[in-house]
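Below is my_file10.tsv, which holds TSV, N, CA and C atoms.
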```tsv
chain	number	residue	atom	x	y	z
A	221	VAL	N	0.85	-1.18	0.00
A	221	VAL	CA	0.00	0.00	0.00
A	221	VAL	C	0.89	1.24	0.00
A	222	GLN	N	0.54	2.17	-0.87
A	222	GLN	CA	1.34	3.38	-0.96
A	222	GLN	C	0.46	4.57	-1.35
A	223	LEU	N	0.67	5.69	-0.66
A	223	LEU	CA	0.09	6.96	-1.03
A	223	LEU	C	1.24	7.94	-1.16
A	224	VAL	N	1.35	8.58	-2.31
A	224	VAL	CA	2.47	9.48	-2.56
A	224	VAL	C	1.94	10.85	-2.95
A	225	GLU	N	2.20	11.83	-2.08
A	225	GLU	CA	1.80	13.20	-2.37
A	225	GLU	C	2.88	13.91	-3.18
A	226	SER	N	2.45	14.84	-3.99
A	226	SER	CA	3.38	15.67	-4.76
A	226	SER	C	2.71	16.99	-5.08
A	227	GLY	N	3.50	17.93	-5.59
A	227	GLY	CA	2.96	19.21	-6.02
A	227	GLY	C	3.18	20.36	-5.07
A	228	GLY	N	3.75	20.08	-3.91
A	228	GLY	CA	4.02	21.16	-2.97
A	228	GLY	C	5.15	22.04	-3.45
A	229	GLY	N	5.35	23.14	-2.72
A	229	GLY	CA	6.43	24.06	-3.07
A	229	GLY	C	6.25	25.40	-2.42
A	230	LEU	N	7.01	26.36	-2.91
A	230	LEU	CA	6.96	27.74	-2.42
A	230	LEU	C	6.11	28.58	-3.38
A	231	VAL	N	5.16	29.31	-2.82
A	231	VAL	CA	4.28	30.14	-3.65
A	231	VAL	C	4.02	31.45	-2.91
A	232	GLN	N	3.81	32.51	-3.66
A	232	GLN	CA	3.52	33.80	-3.05
A	232	GLN	C	2.07	33.86	-2.59
A	233	PRO	N	1.77	34.69	-1.60
A	233	PRO	CA	0.37	34.88	-1.19
A	233	PRO	C	-0.50	35.25	-2.39
A	234	GLY	N	-1.68	34.64	-2.44
A	234	GLY	CA	-2.58	34.84	-3.57
A	234	GLY	C	-2.37	33.87	-4.71
A	235	GLY	N	-1.30	33.10	-4.63
A	235	GLY	CA	-1.00	32.14	-5.69
A	235	GLY	C	-1.76	30.84	-5.55
A	236	SER	N	-1.44	29.90	-6.45
A	236	SER	CA	-2.14	28.62	-6.51
A	236	SER	C	-1.15	27.47	-6.59
A	237	LEU	N	-1.58	26.34	-6.08
A	237	LEU	CA	-0.86	25.08	-6.22
A	237	LEU	C	-1.88	23.97	-6.39
A	238	ARG	N	-1.48	22.90	-7.06
A	238	ARG	CA	-2.31	21.70	-7.12
A	238	ARG	C	-1.51	20.53	-6.57
A	239	LEU	N	-2.00	19.97	-5.50
A	239	LEU	CA	-1.39	18.79	-4.90
A	239	LEU	C	-2.01	17.54	-5.51
A	240	SER	N	-1.21	16.49	-5.60
A	240	SER	CA	-1.68	15.20	-6.07
A	240	SER	C	-1.37	14.14	-5.02
A	241	CYS	N	-2.21	13.14	-4.97
A	241	CYS	CA	-2.00	12.00	-4.08
A	241	CYS	C	-2.23	10.75	-4.92
A	242	ALA	N	-1.16	10.06	-5.26
A	242	ALA	CA	-1.23	8.88	-6.10
A	242	ALA	C	-1.24	7.63	-5.23
A	243	ALA	N	-2.20	6.75	-5.47
A	243	ALA	CA	-2.39	5.57	-4.63
A	243	ALA	C	-2.07	4.29	-5.38
A	244	SER	N	-1.61	3.29	-4.64
A	244	SER	CA	-1.37	1.97	-5.22
A	244	SER	C	-1.44	0.93	-4.11
A	245	GLY	N	-1.75	-0.29	-4.49
A	245	GLY	CA	-1.71	-1.40	-3.55
A	245	GLY	C	-3.00	-1.69	-2.81
A	246	PHE	N	-4.07	-0.96	-3.14
A	246	PHE	CA	-5.37	-1.24	-2.55
A	246	PHE	C	-6.45	-0.77	-3.52
A	247	THR	N	-7.70	-1.11	-3.21
A	247	THR	CA	-8.81	-0.78	-4.11
A	247	THR	C	-9.19	0.68	-3.90
A	248	PHE	N	-8.50	1.53	-4.58
A	248	PHE	CA	-8.62	2.99	-4.40
A	248	PHE	C	-10.07	3.46	-4.49
A	249	SER	N	-10.81	2.95	-5.45
A	249	SER	CA	-12.16	3.45	-5.70
A	249	SER	C	-13.14	3.10	-4.59
A	250	SER	N	-12.72	2.29	-3.62
A	250	SER	CA	-13.58	1.93	-2.50
A	250	SER	C	-13.32	2.78	-1.25
A	251	TYR	N	-12.37	3.67	-1.34
A	251	TYR	CA	-11.94	4.44	-0.17
A	251	TYR	C	-12.29	5.91	-0.29
A	252	GLY	N	-12.76	6.49	0.81
A	252	GLY	CA	-12.80	7.93	0.91
A	252	GLY	C	-11.38	8.46	1.10
A	253	ILE	N	-11.14	9.67	0.62
A	253	ILE	CA	-9.82	10.27	0.73
A	253	ILE	C	-9.95	11.63	1.39
A	254	MET	N	-9.02	11.91	2.28
A	254	MET	CA	-9.00	13.18	2.98
A	254	MET	C	-7.63	13.83	2.86
A	255	TRP	N	-7.60	15.14	2.87
A	255	TRP	CA	-6.37	15.90	2.97
A	255	TRP	C	-6.32	16.53	4.36
A	256	TYR	N	-5.13	16.50	4.93
A	256	TYR	CA	-4.86	17.14	6.22
A	256	TYR	C	-3.66	18.09	6.06
A	257	GLN	N	-3.58	19.04	6.96
A	257	GLN	CA	-2.41	19.92	7.01
A	257	GLN	C	-1.86	19.93	8.43
A	258	GLN	N	-0.53	20.05	8.49
A	258	GLN	CA	0.11	20.16	9.79
A	258	GLN	C	1.15	21.26	9.72
A	259	ALA	N	0.85	22.35	10.41
A	259	ALA	CA	1.77	23.48	10.48
A	259	ALA	C	2.79	23.23	11.59
A	260	PRO	N	3.94	23.89	11.51
A	260	PRO	CA	4.97	23.68	12.54
A	260	PRO	C	4.43	23.94	13.94
A	261	GLY	N	4.64	22.98	14.84
A	261	GLY	CA	4.22	23.14	16.22
A	261	GLY	C	2.74	22.97	16.47
A	262	LYS	N	1.99	22.56	15.44
A	262	LYS	CA	0.54	22.42	15.60
A	262	LYS	C	0.10	20.98	15.33
A	263	GLU	N	-1.14	20.71	15.74
A	263	GLU	CA	-1.72	19.41	15.48
A	263	GLU	C	-2.07	19.27	13.99
A	264	ARG	N	-2.11	18.04	13.53
A	264	ARG	CA	-2.56	17.78	12.17
A	264	ARG	C	-4.07	18.05	12.11
A	265	GLU	N	-4.50	18.80	11.11
A	265	GLU	CA	-5.89	19.20	10.99
A	265	GLU	C	-6.48	18.75	9.65
A	266	TRP	N	-7.72	18.35	9.70
A	266	TRP	CA	-8.44	17.95	8.49
A	266	TRP	C	-8.72	19.19	7.64
A	267	VAL	N	-8.54	19.04	6.33
A	267	VAL	CA	-8.74	20.15	5.39
A	267	VAL	C	-9.92	19.90	4.47
A	268	ALA	N	-9.96	18.70	3.86
A	268	ALA	CA	-11.00	18.40	2.88
A	268	ALA	C	-11.15	16.90	2.75
A	269	GLY	N	-12.31	16.47	2.28
A	269	GLY	CA	-12.55	15.06	2.07
A	269	GLY	C	-13.43	14.83	0.87
A	270	ILE	N	-13.29	13.64	0.28
A	270	ILE	CA	-14.09	13.26	-0.88
A	270	ILE	C	-14.49	11.80	-0.74
A	271	SER	N	-15.73	11.51	-1.10
A	271	SER	CA	-16.23	10.15	-1.00
A	271	SER	C	-15.59	9.26	-2.07
A	272	SER	N	-15.83	7.97	-1.94
A	272	SER	CA	-15.19	7.00	-2.84
A	272	SER	C	-15.56	7.23	-4.30
A	273	THR	N	-16.79	7.66	-4.54
A	273	THR	CA	-17.22	7.90	-5.93
A	273	THR	C	-16.92	9.32	-6.40
A	274	GLY	N	-16.58	10.18	-5.46
A	274	GLY	CA	-16.37	11.59	-5.79
A	274	GLY	C	-17.62	12.42	-5.73
A	275	GLY	N	-18.74	11.79	-5.36
A	275	GLY	CA	-20.00	12.50	-5.39
A	275	GLY	C	-20.21	13.45	-4.22
A	276	THR	N	-19.45	13.26	-3.16
A	276	THR	CA	-19.59	14.11	-1.98
A	276	THR	C	-18.24	14.68	-1.59
A	277	THR	N	-18.19	15.97	-1.36
A	277	THR	CA	-16.98	16.63	-0.89
A	277	THR	C	-17.30	17.50	0.32
A	278	ASN	N	-16.31	17.66	1.17
A	278	ASN	CA	-16.47	18.50	2.35
A	278	ASN	C	-15.16	19.26	2.60
A	279	TYR	N	-15.31	20.44	3.22
A	279	TYR	CA	-14.16	21.31	3.43
A	279	TYR	C	-14.19	21.93	4.82
A	280	ALA	N	-13.00	22.14	5.36
A	280	ALA	CA	-12.89	22.93	6.58
A	280	ALA	C	-13.26	24.38	6.25
A	281	ASP	N	-13.82	25.08	7.22
A	281	ASP	CA	-14.24	26.47	7.00
A	281	ASP	C	-13.08	27.34	6.53
A	282	SER	N	-11.89	27.03	7.00
A	282	SER	CA	-10.73	27.86	6.69
A	282	SER	C	-10.32	27.82	5.22
A	283	VAL	N	-10.77	26.80	4.49
A	283	VAL	CA	-10.38	26.67	3.09
A	283	VAL	C	-11.56	26.69	2.14
A	284	LYS	N	-12.76	26.73	2.68
A	284	LYS	CA	-13.95	26.67	1.84
A	284	LYS	C	-13.96	27.85	0.87
A	285	GLY	N	-14.22	27.56	-0.39
A	285	GLY	CA	-14.22	28.59	-1.42
A	285	GLY	C	-12.87	28.83	-2.05
A	286	ARG	N	-11.81	28.30	-1.45
A	286	ARG	CA	-10.46	28.49	-2.00
A	286	ARG	C	-9.84	27.17	-2.48
A	287	PHE	N	-10.16	26.07	-1.79
A	287	PHE	CA	-9.61	24.76	-2.14
A	287	PHE	C	-10.69	23.90	-2.77
A	288	THR	N	-10.27	23.04	-3.70
A	288	THR	CA	-11.18	22.09	-4.32
A	288	THR	C	-10.53	20.71	-4.36
A	289	ILE	N	-11.24	19.73	-3.81
A	289	ILE	CA	-10.76	18.36	-3.84
A	289	ILE	C	-11.47	17.62	-4.97
A	290	SER	N	-10.74	16.76	-5.66
A	290	SER	CA	-11.32	15.96	-6.74
A	290	SER	C	-10.54	14.65	-6.83
A	291	ARG	N	-11.09	13.70	-7.57
A	291	ARG	CA	-10.42	12.42	-7.71
A	291	ARG	C	-10.63	11.85	-9.10
A	292	ASP	N	-9.69	11.01	-9.51
A	292	ASP	CA	-9.76	10.28	-10.77
A	292	ASP	C	-9.56	8.81	-10.43
A	293	ASN	N	-10.63	8.05	-10.42
A	293	ASN	CA	-10.55	6.65	-10.01
A	293	ASN	C	-9.94	5.76	-11.10
A	294	VAL	N	-9.71	6.29	-12.27
A	294	VAL	CA	-8.98	5.55	-13.31
A	294	VAL	C	-7.47	5.69	-13.06
A	295	LYS	N	-7.06	6.89	-12.70
A	295	LYS	CA	-5.64	7.14	-12.42
A	295	LYS	C	-5.26	6.88	-10.97
A	296	ASN	N	-6.24	6.51	-10.14
A	296	ASN	CA	-5.99	6.26	-8.71
A	296	ASN	C	-5.31	7.46	-8.05
A	297	THR	N	-5.85	8.62	-8.32
A	297	THR	CA	-5.23	9.86	-7.85
A	297	THR	C	-6.29	10.83	-7.33
A	298	VAL	N	-5.96	11.49	-6.24
A	298	VAL	CA	-6.79	12.56	-5.70
A	298	VAL	C	-6.00	13.86	-5.82
A	299	TYR	N	-6.72	14.94	-6.06
A	299	TYR	CA	-6.10	16.24	-6.23
A	299	TYR	C	-6.65	17.23	-5.19
A	300	LEU	N	-5.83	18.20	-4.85
A	300	LEU	CA	-6.28	19.31	-4.04
A	300	LEU	C	-5.82	20.59	-4.74
A	301	GLN	N	-6.77	21.27	-5.37
A	301	GLN	CA	-6.48	22.54	-6.02
A	301	GLN	C	-6.59	23.64	-4.96
A	302	MET	N	-5.51	24.36	-4.77
A	302	MET	CA	-5.46	25.39	-3.73
A	302	MET	C	-5.25	26.74	-4.40
A	303	ASN	N	-6.24	27.60	-4.25
A	303	ASN	CA	-6.20	28.94	-4.83
A	303	ASN	C	-6.20	29.99	-3.71
A	304	SER	N	-5.85	31.21	-4.08
A	304	SER	CA	-5.85	32.33	-3.11
A	304	SER	C	-5.12	31.95	-1.83
A	305	LEU	N	-3.95	31.38	-1.99
A	305	LEU	CA	-3.21	30.89	-0.84
A	305	LEU	C	-2.79	32.01	0.09
A	306	LYS	N	-2.79	31.69	1.37
A	306	LYS	CA	-2.44	32.63	2.43
A	306	LYS	C	-1.23	32.10	3.20
A	307	PRO	N	-0.48	32.97	3.86
A	307	PRO	CA	0.65	32.49	4.66
A	307	PRO	C	0.24	31.44	5.70
A	308	GLU	N	-0.96	31.56	6.22
A	308	GLU	CA	-1.41	30.59	7.22
A	308	GLU	C	-1.74	29.22	6.63
A	309	ASP	N	-1.70	29.09	5.31
A	309	ASP	CA	-1.84	27.78	4.68
A	309	ASP	C	-0.52	27.00	4.67
A	310	THR	N	0.55	27.64	5.08
A	310	THR	CA	1.85	26.99	5.13
A	310	THR	C	1.81	25.78	6.08
A	311	ALA	N	2.14	24.62	5.55
A	311	ALA	CA	2.06	23.38	6.31
A	311	ALA	C	2.57	22.23	5.46
A	312	VAL	N	2.74	21.09	6.10
A	312	VAL	CA	2.90	19.84	5.37
A	312	VAL	C	1.50	19.29	5.14
A	313	TYR	N	1.22	18.91	3.90
A	313	TYR	CA	-0.10	18.39	3.54
A	313	TYR	C	0.00	16.88	3.32
A	314	TYR	N	-0.91	16.17	3.97
A	314	TYR	CA	-0.96	14.71	3.91
A	314	TYR	C	-2.28	14.26	3.31
A	315	CYS	N	-2.27	13.19	2.56
A	315	CYS	CA	-3.52	12.55	2.16
A	315	CYS	C	-3.68	11.26	2.96
A	316	LYS	N	-4.94	10.92	3.16
A	316	LYS	CA	-5.29	9.73	3.93
A	316	LYS	C	-6.43	9.01	3.22
A	317	ALA	N	-6.27	7.71	3.05
A	317	ALA	CA	-7.33	6.87	2.49
A	317	ALA	C	-8.00	6.14	3.65
A	318	SER	N	-9.31	6.10	3.63
A	318	SER	CA	-10.03	5.53	4.77
A	318	SER	C	-11.24	4.74	4.29
A	319	ARG	N	-11.39	3.55	4.90
A	319	ARG	CA	-12.59	2.74	4.67
A	319	ARG	C	-12.80	1.89	5.90
A	320	GLY	N	-13.84	2.18	6.64
A	320	GLY	CA	-14.11	1.43	7.86
A	320	GLY	C	-12.93	1.51	8.81
A	321	LEU	N	-12.42	0.35	9.21
A	321	LEU	CA	-11.31	0.28	10.15
A	321	LEU	C	-9.95	0.47	9.50
A	322	TYR	N	-9.92	0.54	8.19
A	322	TYR	CA	-8.66	0.61	7.46
A	322	TYR	C	-8.37	2.05	7.06
A	323	SER	N	-7.12	2.47	7.26
A	323	SER	CA	-6.70	3.78	6.80
A	323	SER	C	-5.22	3.76	6.49
A	324	TYR	N	-4.84	4.58	5.53
A	324	TYR	CA	-3.45	4.67	5.09
A	324	TYR	C	-3.09	6.14	4.91
A	325	TRP	N	-1.85	6.47	5.25
A	325	TRP	CA	-1.36	7.84	5.14
A	325	TRP	C	-0.21	7.92	4.14
A	326	GLY	N	-0.12	9.07	3.50
A	326	GLY	CA	1.05	9.37	2.70
A	326	GLY	C	2.13	10.01	3.55
A	327	GLN	N	3.24	10.36	2.90
A	327	GLN	CA	4.40	10.88	3.63
A	327	GLN	C	4.37	12.40	3.74
A	328	GLY	N	3.51	13.04	2.99
A	328	GLY	CA	3.35	14.49	3.09
A	328	GLY	C	4.13	15.26	2.03
A	329	THR	N	3.65	16.46	1.74
A	329	THR	CA	4.34	17.37	0.84
A	329	THR	C	4.27	18.78	1.44
A	330	GLN	N	5.38	19.49	1.40
A	330	GLN	CA	5.46	20.80	2.05
A	330	GLN	C	4.91	21.88	1.14
A	331	VAL	N	4.06	22.71	1.71
A	331	VAL	CA	3.55	23.91	1.04
A	331	VAL	C	3.96	25.12	1.87
A	332	THR	N	4.64	26.04	1.23
A	332	THR	CA	5.07	27.27	1.91
A	332	THR	C	4.54	28.46	1.13
A	333	VAL	N	3.78	29.30	1.84
A	333	VAL	CA	3.20	30.50	1.23
A	333	VAL	C	3.91	31.71	1.84
A	334	SER	N	4.71	32.36	1.03
A	334	SER	CA	5.52	33.47	1.55
A	334	SER	C	5.96	34.38	0.40
A	335	SER	N	6.08	35.64	0.71
A	335	SER	CA	6.58	36.60	-0.28
A	335	SER	C	8.08	36.75	-0.14
```
Written as structure tokens, how would this file's structure read?
Amino acid sequence: VQLVESGGGLVQPGGSLRLSCAASGFTFSSYGIMWYQQAPGKEREWVAGISSTGGTTNYADSVKGRFTISRDNVKNTVYLQMNSLKPEDTAVYYCKASRGLYSYWGQGTQVTVSS
């Protein structure tokens, strides 16, 4: 089982990034996927989630209207489009696959929003 995040980097305030989470080793289309962020010295926090079919999405209030989660069950990949980025979005972003008692985490990708 593997979840590999990519797409992080350094971006100026107001800019955009698209994160990807590529999955392998399990039945991806049967799992809900969530994105979390963990800022330095803080707890890991839930950011967004998408159902197994992609029909339902949810967002934390802090990112609603700026971030969009989507998935491609053919490519076994989930995306997080992040627009209007703010310095407080700076964090390591992790994806998590979850189904019942089973869950898997990726290794994270760093996003830094700074001028």
From A:Lys306, A:Lys284, A:Lys295, A:Lys316, residue lying nearest Trp255 of chain A [only N, CA and C atoms]:
A:Lys316
Using only C-alpha atoms, give me every residue within 7 Å of (-14.5, 10.6, 1.0) in file coordinates, as an MDAnalysis selection string.
chainID A and resid 251:254 269:272 276:277
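Distances to Cys315 of chain A were evaluated for A:Asn303, A:Thr329, A:Thr247, A:Thr273 using all atoms listed in the file, and the minimum falls at A:Thr329.
Across A:Val298, A:Glu265, A:Leu305, A:Tyr322, the tightest approach to Ser335 of chain A is made by A:Leu305 when counting only C-alpha atoms.
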Need the neighbours of (2.4, 21.4, 3.4): which residues are at most 6 Å away, counting all atoms listed in the file, as a ChimeraX atom specification?
/A:310-313,329-332
Using all atoms listed in the file, which of A:Asp281, A:Arg238, A:Phe248, A:Pro307 sits nearest Val333 of chain A?
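Ranked by minimum distance to Val333 of chain A, first place goes to A:Pro307.
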Selection: 7 Å around Ser244 of chain A, only N, CA and C atoms, excl. self and same-chain fewer than 3 positions, as an MDAnalysis selection string:
chainID A and resid 221:224 247 296
Nearest-residue call for Glu225 of chain A, choices A:Met302, A:Leu237, A:Ala317, A:Ala243, using all atoms listed in the file
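When distances to Glu225 of chain A are compared using all atoms listed in the file, the smallest one comes from A:Ala243.
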Write out as a PyMOL selection string all residues of segment 277-325 of chain A that DSSP puts in strand (DSSP E) for this structure's backbone.
chain A and resi 277-279+287-292+297-302+311-319+322-325
Requested write-out: N, CA and C atoms of the selected residues, as a PDB file, keeping the file's coordinate frame:
```pdb
ATOM      1  N   THR A 277     -18.190  15.970  -1.360  1.00  0.00           N
ATOM      2  CA  THR A 277     -16.980  16.630  -0.890  1.00  0.00           C
ATOM      3  C   THR A 277     -17.300  17.500   0.320  1.00  0.00           C
ATOM      4  N   ASN A 278     -16.310  17.660   1.170  1.00  0.00           N
ATOM      5  CA  ASN A 278     -16.470  18.500   2.350  1.00  0.00           C
ATOM      6  C   ASN A 278     -15.160  19.260   2.600  1.00  0.00           C
ATOM      7  N   TYR A 279     -15.310  20.440   3.220  1.00  0.00           N
ATOM      8  CA  TYR A 279     -14.160  21.310   3.430  1.00  0.00           C
ATOM      9  C   TYR A 279     -14.190  21.930   4.820  1.00  0.00           C
ATOM     10  N   PHE A 287     -10.160  26.070  -1.790  1.00  0.00           N
ATOM     11  CA  PHE A 287      -9.610  24.760  -2.140  1.00  0.00           C
ATOM     12  C   PHE A 287     -10.690  23.900  -2.770  1.00  0.00           C
ATOM     13  N   THR A 288     -10.270  23.040  -3.700  1.00  0.00           N
ATOM     14  CA  THR A 288     -11.180  22.090  -4.320  1.00  0.00           C
ATOM     15  C   THR A 288     -10.530  20.710  -4.360  1.00  0.00           C
ATOM     16  N   ILE A 289     -11.240  19.730  -3.810  1.00  0.00           N
ATOM     17  CA  ILE A 289     -10.760  18.360  -3.840  1.00  0.00           C
ATOM     18  C   ILE A 289     -11.470  17.620  -4.970  1.00  0.00           C
ATOM     19  N   SER A 290     -10.740  16.760  -5.660  1.00  0.00           N
ATOM     20  CA  SER A 290     -11.320  15.960  -6.740  1.00  0.00           C
ATOM     21  C   SER A 290     -10.540  14.650  -6.830  1.00  0.00           C
ATOM     22  N   ARG A 291     -11.090  13.700  -7.570  1.00  0.00           N
ATOM     23  CA  ARG A 291     -10.420  12.420  -7.710  1.00  0.00           C
ATOM     24  C   ARG A 291     -10.630  11.850  -9.100  1.00  0.00           C
ATOM     25  N   ASP A 292      -9.690  11.010  -9.510  1.00  0.00           N
ATOM     26  CA  ASP A 292      -9.760  10.280 -10.770  1.00  0.00           C
ATOM     27  C   ASP A 292      -9.560   8.810 -10.430  1.00  0.00           C
ATOM     28  N   THR A 297      -5.850   8.620  -8.320  1.00  0.00           N
ATOM     29  CA  THR A 297      -5.230   9.860  -7.850  1.00  0.00           C
ATOM     30  C   THR A 297      -6.290  10.830  -7.330  1.00  0.00           C
ATOM     31  N   VAL A 298      -5.960  11.490  -6.240  1.00  0.00           N
ATOM     32  CA  VAL A 298      -6.790  12.560  -5.700  1.00  0.00           C
ATOM     33  C   VAL A 298      -6.000  13.860  -5.820  1.00  0.00           C
ATOM     34  N   TYR A 299      -6.720  14.940  -6.060  1.00  0.00           N
ATOM     35  CA  TYR A 299      -6.100  16.240  -6.230  1.00  0.00           C
ATOM     36  C   TYR A 299      -6.650  17.230  -5.190  1.00  0.00           C
ATOM     37  N   LEU A 300      -5.830  18.200  -4.850  1.00  0.00           N
ATOM     38  CA  LEU A 300      -6.280  19.310  -4.040  1.00  0.00           C
ATOM     39  C   LEU A 300      -5.820  20.590  -4.740  1.00  0.00           C
ATOM     40  N   GLN A 301      -6.770  21.270  -5.370  1.00  0.00           N
ATOM     41  CA  GLN A 301      -6.480  22.540  -6.020  1.00  0.00           C
ATOM     42  C   GLN A 301      -6.590  23.640  -4.960  1.00  0.00           C
ATOM     43  N   MET A 302      -5.510  24.360  -4.770  1.00  0.00           N
ATOM     44  CA  MET A 302      -5.460  25.390  -3.730  1.00  0.00           C
ATOM     45  C   MET A 302      -5.250  26.740  -4.400  1.00  0.00           C
ATOM     46  N   ALA A 311       2.140  24.620   5.550  1.00  0.00           N
ATOM     47  CA  ALA A 311       2.060  23.380   6.310  1.00  0.00           C
ATOM     48  C   ALA A 311       2.570  22.230   5.460  1.00  0.00           C
ATOM     49  N   VAL A 312       2.740  21.090   6.100  1.00  0.00           N
ATOM     50  CA  VAL A 312       2.900  19.840   5.370  1.00  0.00           C
ATOM     51  C   VAL A 312       1.500  19.290   5.140  1.00  0.00           C
ATOM     52  N   TYR A 313       1.220  18.910   3.900  1.00  0.00           N
ATOM     53  CA  TYR A 313      -0.100  18.390   3.540  1.00  0.00           C
ATOM     54  C   TYR A 313       0.000  16.880   3.320  1.00  0.00           C
ATOM     55  N   TYR A 314      -0.910  16.170   3.970  1.00  0.00           N
ATOM     56  CA  TYR A 314      -0.960  14.710   3.910  1.00  0.00           C
ATOM     57  C   TYR A 314      -2.280  14.260   3.310  1.00  0.00           C
ATOM     58  N   CYS A 315      -2.270  13.190   2.560  1.00  0.00           N
ATOM     59  CA  CYS A 315      -3.520  12.550   2.160  1.00  0.00           C
ATOM     60  C   CYS A 315      -3.680  11.260   2.960  1.00  0.00           C
ATOM     61  N   LYS A 316      -4.940  10.920   3.160  1.00  0.00           N
ATOM     62  CA  LYS A 316      -5.290   9.730   3.930  1.00  0.00           C
ATOM     63  C   LYS A 316      -6.430   9.010   3.220  1.00  0.00           C
ATOM     64  N   ALA A 317      -6.270   7.710   3.050  1.00  0.00           N
ATOM     65  CA  ALA A 317      -7.330   6.870   2.490  1.00  0.00           C
ATOM     66  C   ALA A 317      -8.000   6.140   3.650  1.00  0.00           C
ATOM     67  N   SER A 318      -9.310   6.100   3.630  1.00  0.00           N
ATOM     68  CA  SER A 318     -10.030   5.530   4.770  1.00  0.00           C
ATOM     69  C   SER A 318     -11.240   4.740   4.290  1.00  0.00           C
ATOM     70  N   ARG A 319     -11.390   3.550   4.900  1.00  0.00           N
ATOM     71  CA  ARG A 319     -12.590   2.740   4.670  1.00  0.00           C
ATOM     72  C   ARG A 319     -12.800   1.890   5.900  1.00  0.00           C
ATOM     73  N   TYR A 322      -9.920   0.540   8.190  1.00  0.00           N
ATOM     74  CA  TYR A 322      -8.660   0.610   7.460  1.00  0.00           C
ATOM     75  C   TYR A 322      -8.370   2.050   7.060  1.00  0.00           C
ATOM     76  N   SER A 323      -7.120   2.470   7.260  1.00  0.00           N
ATOM     77  CA  SER A 323      -6.700   3.780   6.800  1.00  0.00           C
ATOM     78  C   SER A 323      -5.220   3.760   6.490  1.00  0.00           C
ATOM     79  N   TYR A 324      -4.840   4.580   5.530  1.00  0.00           N
ATOM     80  CA  TYR A 324      -3.450   4.670   5.090  1.00  0.00           C
ATOM     81  C   TYR A 324      -3.090   6.140   4.910  1.00  0.00           C
ATOM     82  N   TRP A 325      -1.850   6.470   5.250  1.00  0.00           N
ATOM     83  CA  TRP A 325      -1.360   7.840   5.140  1.00  0.00           C
ATOM     84  C   TRP A 325      -0.210   7.920   4.140  1.00  0.00           C
TER      85      TRP A 325
END
```
One decimal, in Å: what's the spacing between atom CA of Ser236 of chain A and atom N of Ser304 of chain A?
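Atom-to-atom, atom CA of Ser236 of chain A and atom N of Ser304 of chain A are spaced 5.1 Å apart.
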Gln257 of chain A proximity check over A:Trp325, A:Tyr299, A:Tyr314, A:Ser334, using all atoms listed in the file: winner is A:Tyr314
Quote the spacing between atom N of Ser323 of chain A and atom C of Val267 of chain A in Å to one decimal place.
17.9 Å
Between atom CA of Val283 of chain A and atom CA of Phe246 of chain A, what is the spacing in Å?
28.9 Å
Taking only chain A into account, list the residues labelled helix (DSSP H, G or I) by DSSP (computed from the backbone), as a list of chain:residue names.
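Helix (DSSP H, G or I) assignments inside chain A correspond to A:Phe248, A:Ser249, A:Ser250, A:Pro307, A:Glu308, A:Asp309.
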